[in-house]
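Written below as structure tokens is the structure these notes are about.
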Amino acid sequence: MKTNDVIFQTVAKVVFFMIIFFAVRIFFAGHYYPGGGFVGGLLTSGAIVLLLLAFDLKTVKKILPVDYKWLISLGLLFATGTAAGSVLFNVPFFTHAYDYFQLPLFGKTSLHTAMLFDLGVYLVVIGVTMTIIQTIGESE
Amino acid sequence: MEILMCIVAGMLFAAAVYLMLSKSLLRIIIGTGLLSHGTHLMLLTMGGLKTGTVPVLGEHAASYTDPIPQALILTAIVISFGVTAIFLVIAYRAYQDLGTDNMDQLRGSEADD
Amino acid sequence: MSLVHWAILAPFILAIFVPFFRKKAATIHTGWFVLILPVVLFVSFLQYLPVTMNNNSITHSAAWIPSLGIDFSVYIDGLSLLFILLITGIGSLVVLYSIYYLSKTKESLQHFYVYLLMFMGAMLGVVLSDNVITLYMFWELTSISSFLLIAYWFDRDRSRYGALKSMLITVFGGLMMLGGFLVLSIMGGTFSIRELAVQAPDLYHHPLFLLAMILILLGAFTKSAQFPFYIWLPDAMEAPTPVSAYLHSATMVKAGIYLVARFSPIFAFSSYWFWIVSAVGLFTMIWASFNAVKQTDLKGILAYSTVSQLGLIMGLLGAGSAALYFDSLDDNLYTAAVIAAIFHLINHATFKGSLFMVVGIIDHETGTRDIRRLGGLMSLMPVTFTLSVIGAFSMAGLPPFNGFLSKEMFFLSMVQLSELNLFNLETWGIFFPVLAWIGSVFTFIYSMIIVFTVFTGKFQPEKLEKKPHEAPAGMLVSPIILAVLVIVFGLFPNLLSYSLIQPAAAAIVPSIIPSGEQLDVNIYFWHGITAELLMTIAVVLVGIILYTFLPKWVGLYNYFPGKVTLNNLYDASLYTVERGSNSITKSYMSGFIRSYLVYIFAFFIALLGFTLWAKDAFRYDASNTSPIGYYEIGLLVVLCVATATILMAKSRLTSIISLGAVGYSVSLFFVIFRAPDLALTQLVIETVSTALFLLCFYHLPKLSRHEEKMSFQIGNALIAAGVGITVTLIGITAHSTKLFSSINEYYIENTYKKAGGENMVNVILVDFRGFDTLFEIAVLSVAALGIYALIKLRLEKGDDSVNENK
């Protein structure tokens with residue numbers, strides 16, 4: 001699919017970053033406001049799909065040289081690793097911990113291990129969606 | 001509203017089952033998609049509708065809607081996406097290799113092995 | 001988690017790294033890396049000897065599933081330490097032997113060592129677990145690793161057959177045993193073997209006692225290849241010889257012995273235990289030794305001989321259980337049987353291990369194990385010959401080897417049994433020494449066959465595939481070590497008496513030993529002219545005569561009915577089950593997906609509809625509902641129209657877009673019903689999946705109705721309407737009846753308190769119900785990889801379409 005729609009491409013470039021920022025924001029907000037790993041991951045992959053529509057597979061592959069299958073395994077590693085990590089602290093599998101910290105720039109922030117788990121979910125969702133779409137797209 | 005939603009979910013189920021029983025592959029896949037929509041609406045209805053504000057503590061409301069069905073549905077939505085995707089690919093591969101999407105002709109038998 | 005726990009887990013952990021060793025250090029035989037572990041474990045477990053020698057024990061506990069009372073507790077006493085040393089000691093020798101036996105270029109060593117390590121860990125788990133559920137888990141793991149190892153050369157029919165057979169029989173036994181464990185834990189209220197043993201006298205009067213005992217014995221008998229379950233062991237000999245030496249002779253098959261020994265303190269109060277264990281053991285011994293004589297495969301002889309020796313040990317344990325009938329140690333002759341059992345267990349591991357390795361060498365160097373093709377190898381393989389003489393003579397019970405001592409002790413216990421005035425032994429007791437003697441005669445004969453038909457007689461090079469020569473030195477190390485042990489234990493048996501035998505025996509009969517005292521274990525060569533010595537002499541004389549005239553009477557075996565064997569019974573029943581289930585399955589599996597869906601939906605309607613009707617469960621209560629607004633009405637109309645469009649659609653594009661419309665209206669419903677997370681997710685998912693549909697669009701067929709008949713359509717519509725109505729009725733009923741209050745209060749309260757979050761839905765997903773999410777993303781990953789494989793990997797039936805459509 002080779003398109004030469006200049007307007008679409010230009011808009012896509014801008015909108016791509018907007019969606020990505022929105023996705024990241026929604027991902028981090030997940031513990032307090034609507035959002036989280038699933039939605040964040042889906043939005044991110046939605047942004048990449050937009051790029052795919054605007055340009056073609058090869059160009060996007062050049063821009064984002066990511067093997068999404070690795071992303072899946074990385075995400076699973078994060079998720080299981082967070083869950084298994086609790087065993088090291090002698091608490092049952094999957095026990096999360098959190099605390100509040102005073103960070104520069106952010107002020108009082110709470111840091112969760114649940115966030116790490118959600119990061120795993122986020123990565124897996126991106127990896128899965130993009131693997132599916134890329135694979136089907138490539139099989140012309 | 002809840003009674004009405006139950007009827008709507010039932011209708012979605014009926015449409016989904018009708019599609020799934022047909023002979024065309026694509027209609028079967030669309031049927032499964034409808035089935036999951038019906039299930040999600042049904043699940044949500046079971047928790048009670050509009051019983052409070054959104055289940056976010058920041059709202060400081062007296063009552064919240066039931067968060068459990070929502071969590072279950074969120075899981076189900078993403079899973080049904082995966083299921084739809086894999087159905088699509090199976091259908092497409094089957095069509096490509098066998099040249100038909102008629103379920104009558106796609107039936108496997110021991111003689112083929 | 002103590003160090004002992006890690007010792008059990010260490011083999012599993014090492015197994016993970018085996019493929020890397022194989023790949024990254026291909027020039028070094030993988031076995032060398034593996035060898036380190038059993039050696040280290042052996043040495044480190046030796047430090048527990050001083051503890052167990054005083055009949056003390058060590059317990060370490062780690063929580064596993066505390067809510068079910070299942071923990072991973074390990075228990076080291078004399079009995080388990082003996083088995084640990086066997087497992088790690090023989091394990092080291094077998095790994096060393098395998099380095100020379102398995103070629104590093106031709107064999108897939110990574111599989112072999114992964115399975116072997118898995119077995120080693122599982123076996124350590126079996127003998128160390130105090131919790132019966134943990135024990136069961138490791139028990140089944142040994143069956144699985146044995147299955148994998150037997151089928152190591154999986155391209156051979158016999159290997160697969162043998163693997164399947166051993167799996168079916170031992171797993172059957174394992175499941176029975178699990179049942180027994182559960183019954184036992186219901187009786188005693190605990191999963192811990194030690195705690196159960198304390199309650200033994202009470203358990204004896206429980207009505208389920210006999211059931212638990214028989215189920216557990218089934219597990220032990222299948223694993224230890226007792227009659228009639230022994231048939232899997234000869235077929236298991238298809239495994240590589242190191243495996244046969246390790247699993248099917250020295251360790252795994254002794255797990256059944258271990259189980260019987262471990263549960264003796266619980267069950268031995270019953271005369272059934274005494275009778276079943278000793279009778280089955282002795283009968284197995286005589287039956288298997290009788291059958292060993294007619295085998296022509298060297299490993300076949302050893303397999304039957306292993307069965308027979310296991311029967312002997314089992315019989316001794318059964319006889320020894322009589323000891324628990326008495327309260328005191330004084331004058332209690334029956335502990336002798338337990339001591340003999342333990343001693344013979346050690347001896348059997350040494351001489352049978354070396355014999356298996358010798359047979360492996362013969363197989364390796366000549367290319368055959370058939371005794372009809374072998375002969376006259378004495379001068380060509382002098383070291384191997386010497387080793388086989390030591391092993392076989394020990395097995396036959398000849399001095400000065402260790403087999404002689406334990407055989408004498410065996411005879412002594414059997415003679416004593418006939419004099420016992422317990423369990424009606426006055427009348428039946430005489431059978432024990434007679435059966436033991438007959439079994440020993442056959443044992444003598446097959447031991448002689450192993451030595452003399454192979455190494456003496458005529459050398460027949462024309463029948464051999466290779467030119468035979470002595471084995472390489474590395475291959476001889478392990479059997480030499482074992483043969484040296486055979487002699488050392490024979491000459492100085494009291495090296496073992498109080499270090500290994502006494503603690504192990506004391507663990508089997510704990511109730512009769514006062515604290516601080518020990519059993520008397522003194523093993524002597526010379527007792528004077530006693531009954532058992534006369535029996536041995538008679539065995540040797542009769543054995544020599546029978547062996548000399550073997551060709552004259554071997555025809556006797558032909559009189560046994562060839563068809564009515566246990567093996568044929570096994571094959572026939574397996575065949576019948578396969579045929580039967582196949583024909584039943586075929587009768588309703590039409591291969592047409594619609595039929596299956598019709599079954600499912602028909603059952604759905606029938607079952608749920610029937611329940612609703614029969615239980616009079618339908619309720620209608622519209623009082624507690626929320627108001628209906630204009631938005632909702634509008635959305636409902638859109639939803640219905642879109643659904644109807646899909647049903648009527650004639651083109652693909654229309655139906656795909658209508659499906660999208662349904663999805664978007666559902667997400668708007670989520671907005672109205674205060675579910676922002678869902679609305680967001682649904683919105684994005686709908687977009688992505690519509691994109692997906694459109695991507696597949698070009699590849700998908702045109703939407704065609706495939707001339708569906710009117711009756712077909714009406715049938716479908718009826719089923720569809722049935723499902724829809726059932727779902728609606730259930731929904732309304734469920735809404736109208738509130739039997740208990742919702743659990744959501746818990747989440748609302750604890751979202752901030754316990755999980756430190758505010759968005760309940762997200763907190764439920766990542767924290768409270770994190771397992772769901774974890775498995776969900778796992779499922780998604782599987783789906784993605786499945787799609788990738790479906791499209792990218794096209795291994796079609798050898799045609800060239802592999803490259804098309806790329």
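Ligands are numbered from 1 in the order shown, chains are lettered A, B, ... in the order of the structure tokens, and residues start at 1 in each chain.
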All residues 7 Å or closer to stretch 10-16 of chain B, only C-alpha atoms, same chain fewer than 4 positions away omitted, as a PyMOL selection string: (chain B and resi 6+20+31-32+34-35+38) or (chain C and resi 720-721+723-725+727-728)
Written selection (C-alpha atoms) as a PDB file, in the first residue's frame:
ATOM      1  CA  CYS B   6     -31.457  -7.948  29.617  1.00  0.00           C
ATOM      2  CA  MET B  20     -22.710 -18.634  14.119  1.00  0.00           C
ATOM      3  CA  GLY B  31     -21.334 -13.783  15.252  1.00  0.00           C
ATOM      4  CA  THR B  32     -18.639 -14.370  17.868  1.00  0.00           C
ATOM      5  CA  LEU B  34     -21.684  -9.946  18.630  1.00  0.00           C
ATOM      6  CA  LEU B  35     -21.737 -12.673  21.266  1.00  0.00           C
ATOM      7  CA  GLY B  38     -23.934  -9.255  24.376  1.00  0.00           C
TER       8      GLY B  38
ATOM      9  CA  ALA C 720     -31.077 -18.656  18.183  1.00  0.00           C
ATOM     10  CA  ALA C 721     -34.377 -17.454  19.595  1.00  0.00           C
ATOM     11  CA  VAL C 723     -30.753 -19.011  23.350  1.00  0.00           C
ATOM     12  CA  GLY C 724     -31.799 -15.378  23.341  1.00  0.00           C
ATOM     13  CA  ILE C 725     -34.908 -16.007  25.424  1.00  0.00           C
ATOM     14  CA  VAL C 727     -30.350 -15.542  28.350  1.00  0.00           C
ATOM     15  CA  THR C 728     -32.955 -12.837  28.859  1.00  0.00           C
TER      16      THR C 728
END
Residues within 8 Å of stretch 65-80 of chain B, only C-alpha atoms, excluding chain neighbours under 2 positions, as a ChimeraX atom specification: /A:38 /B:33,36,40,43-44,46-55,63,82-84 /C:674-675,677-678,681-682,685,744,747,760-762,764-765,773,776,779-780
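The gap separating atom CA of A:Val124 from atom CA of A:Leu52 is 19.4 Å, in Å to one decimal.
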Two-atom distance - atom CA of C:His348, atom CA of C:Met395 (Å):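 That distance, rounded to one decimal, is 7.6 Å.
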Distance filter 9 Å, only C-alpha atoms, chain A against chain B, as an MDAnalysis selection string: chainID A and resid 32:34 38 125 128:129 132 136
Dump as JSON lines the rows for residues of chain A within 7 Å of chain C: closest atom pair and distance in Å with one decimal, only C-alpha atoms counted, ordered by chain and rising residue number.
{"residue": "A:Gly30", "atom": "CA", "partner": "C:Asn762", "partner_atom": "CA", "distance": 6.4}
{"residue": "A:His31", "atom": "CA", "partner": "C:Gly757", "partner_atom": "CA", "distance": 5.2}
{"residue": "A:Tyr32", "atom": "CA", "partner": "C:Glu758", "partner_atom": "CA", "distance": 4.4}
{"residue": "A:Tyr33", "atom": "CA", "partner": "C:Asn759", "partner_atom": "CA", "distance": 5.4}
{"residue": "A:Pro34", "atom": "CA", "partner": "C:Asp677", "partner_atom": "CA", "distance": 5.2}
{"residue": "A:Gly35", "atom": "CA", "partner": "C:Asp677", "partner_atom": "CA", "distance": 5.8}
{"residue": "A:Gly36", "atom": "CA", "partner": "C:Asn762", "partner_atom": "CA", "distance": 6.4}
{"residue": "A:Val39", "atom": "CA", "partner": "C:Thr681", "partner_atom": "CA", "distance": 5.2}
{"residue": "A:Leu42", "atom": "CA", "partner": "C:Val684", "partner_atom": "CA", "distance": 6.4}
{"residue": "A:Leu43", "atom": "CA", "partner": "C:Val684", "partner_atom": "CA", "distance": 6.5}
{"residue": "A:Gly46", "atom": "CA", "partner": "C:Val688", "partner_atom": "CA", "distance": 6.5}
{"residue": "A:Ile72", "atom": "CA", "partner": "C:Ser781", "partner_atom": "CA", "distance": 6.4}
{"residue": "A:Ala79", "atom": "CA", "partner": "C:Leu774", "partner_atom": "CA", "distance": 6.7}
{"residue": "A:His96", "atom": "CA", "partner": "C:Asp767", "partner_atom": "CA", "distance": 6.9}
{"residue": "A:Tyr98", "atom": "CA", "partner": "C:Gly756", "partner_atom": "CA", "distance": 7.0}
{"residue": "A:Ala114", "atom": "CA", "partner": "C:Val766", "partner_atom": "CA", "distance": 6.1}
{"residue": "A:Phe117", "atom": "CA", "partner": "C:Val766", "partner_atom": "CA", "distance": 6.8}
{"residue": "A:Asp118", "atom": "CA", "partner": "C:Val766", "partner_atom": "CA", "distance": 6.5}
{"residue": "A:Val121", "atom": "CA", "partner": "C:Ile777", "partner_atom": "CA", "distance": 6.6}
{"residue": "A:Val124", "atom": "CA", "partner": "C:Ile777", "partner_atom": "CA", "distance": 6.5}
{"residue": "A:Val128", "atom": "CA", "partner": "C:Ala784", "partner_atom": "CA", "distance": 5.3}
{"residue": "A:Thr131", "atom": "CA", "partner": "C:Ala784", "partner_atom": "CA", "distance": 6.3}
{"residue": "A:Ile132", "atom": "CA", "partner": "C:Ala784", "partner_atom": "CA", "distance": 5.7}
{"residue": "A:Ile133", "atom": "CA", "partner": "C:Leu692", "partner_atom": "CA", "distance": 6.7}
{"residue": "A:Thr135", "atom": "CA", "partner": "C:Tyr788", "partner_atom": "CA", "distance": 6.1}
{"residue": "A:Gly137", "atom": "CA", "partner": "C:Leu695", "partner_atom": "CA", "distance": 6.7}
{"residue": "A:Ser139", "atom": "CA", "partner": "C:Lys806", "partner_atom": "CA", "distance": 5.6}
{"residue": "A:Glu140", "atom": "CA", "partner": "C:Asn805", "partner_atom": "CA", "distance": 6.1}
Selected residue, from C:Leu793, C:His5, C:Ser129, C:Leu282, that lies nearest to B:Arg93 when counting only C-alpha atoms: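 For B:Arg93, the nearest of the given residues is C:Leu793.
Take the candidates B:Ala62, B:Val17, B:Leu4, B:Leu25 and check each one against chain C using only C-alpha atoms; the shortest distance goes to B:Val17.
For the choices C:Val540, C:Met120, C:Leu148, C:Ile732, the atom-to-atom distance to B:Ile3 is smallest for C:Ile732 when using only C-alpha atoms.
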Long-range neighbours of B:Met103 as a ChimeraX atom specification, 9 Å cut-off, only C-alpha atoms, 5 positions minimum in chain: /B:22-25 /C:592-594
Residue nearest chain B among C:Thr59, C:Ser741, C:Thr134, C:Asn716 (counting only C-alpha atoms):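 Closest candidate: C:Asn716.
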Long-range neighbours of stretch 12-16 of chain A as a ChimeraX atom specification, 7 Å cut-off, only C-alpha atoms, 3 positions minimum in chain: /A:8-9,19-20,47,50-51,54
Shortest interatomic distance to C:Leu566 - which of C:Phe20, C:Tyr230, C:Ser145, C:Ser192, counting only C-alpha atoms: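 Closest to C:Leu566 of all the choices is C:Tyr230.
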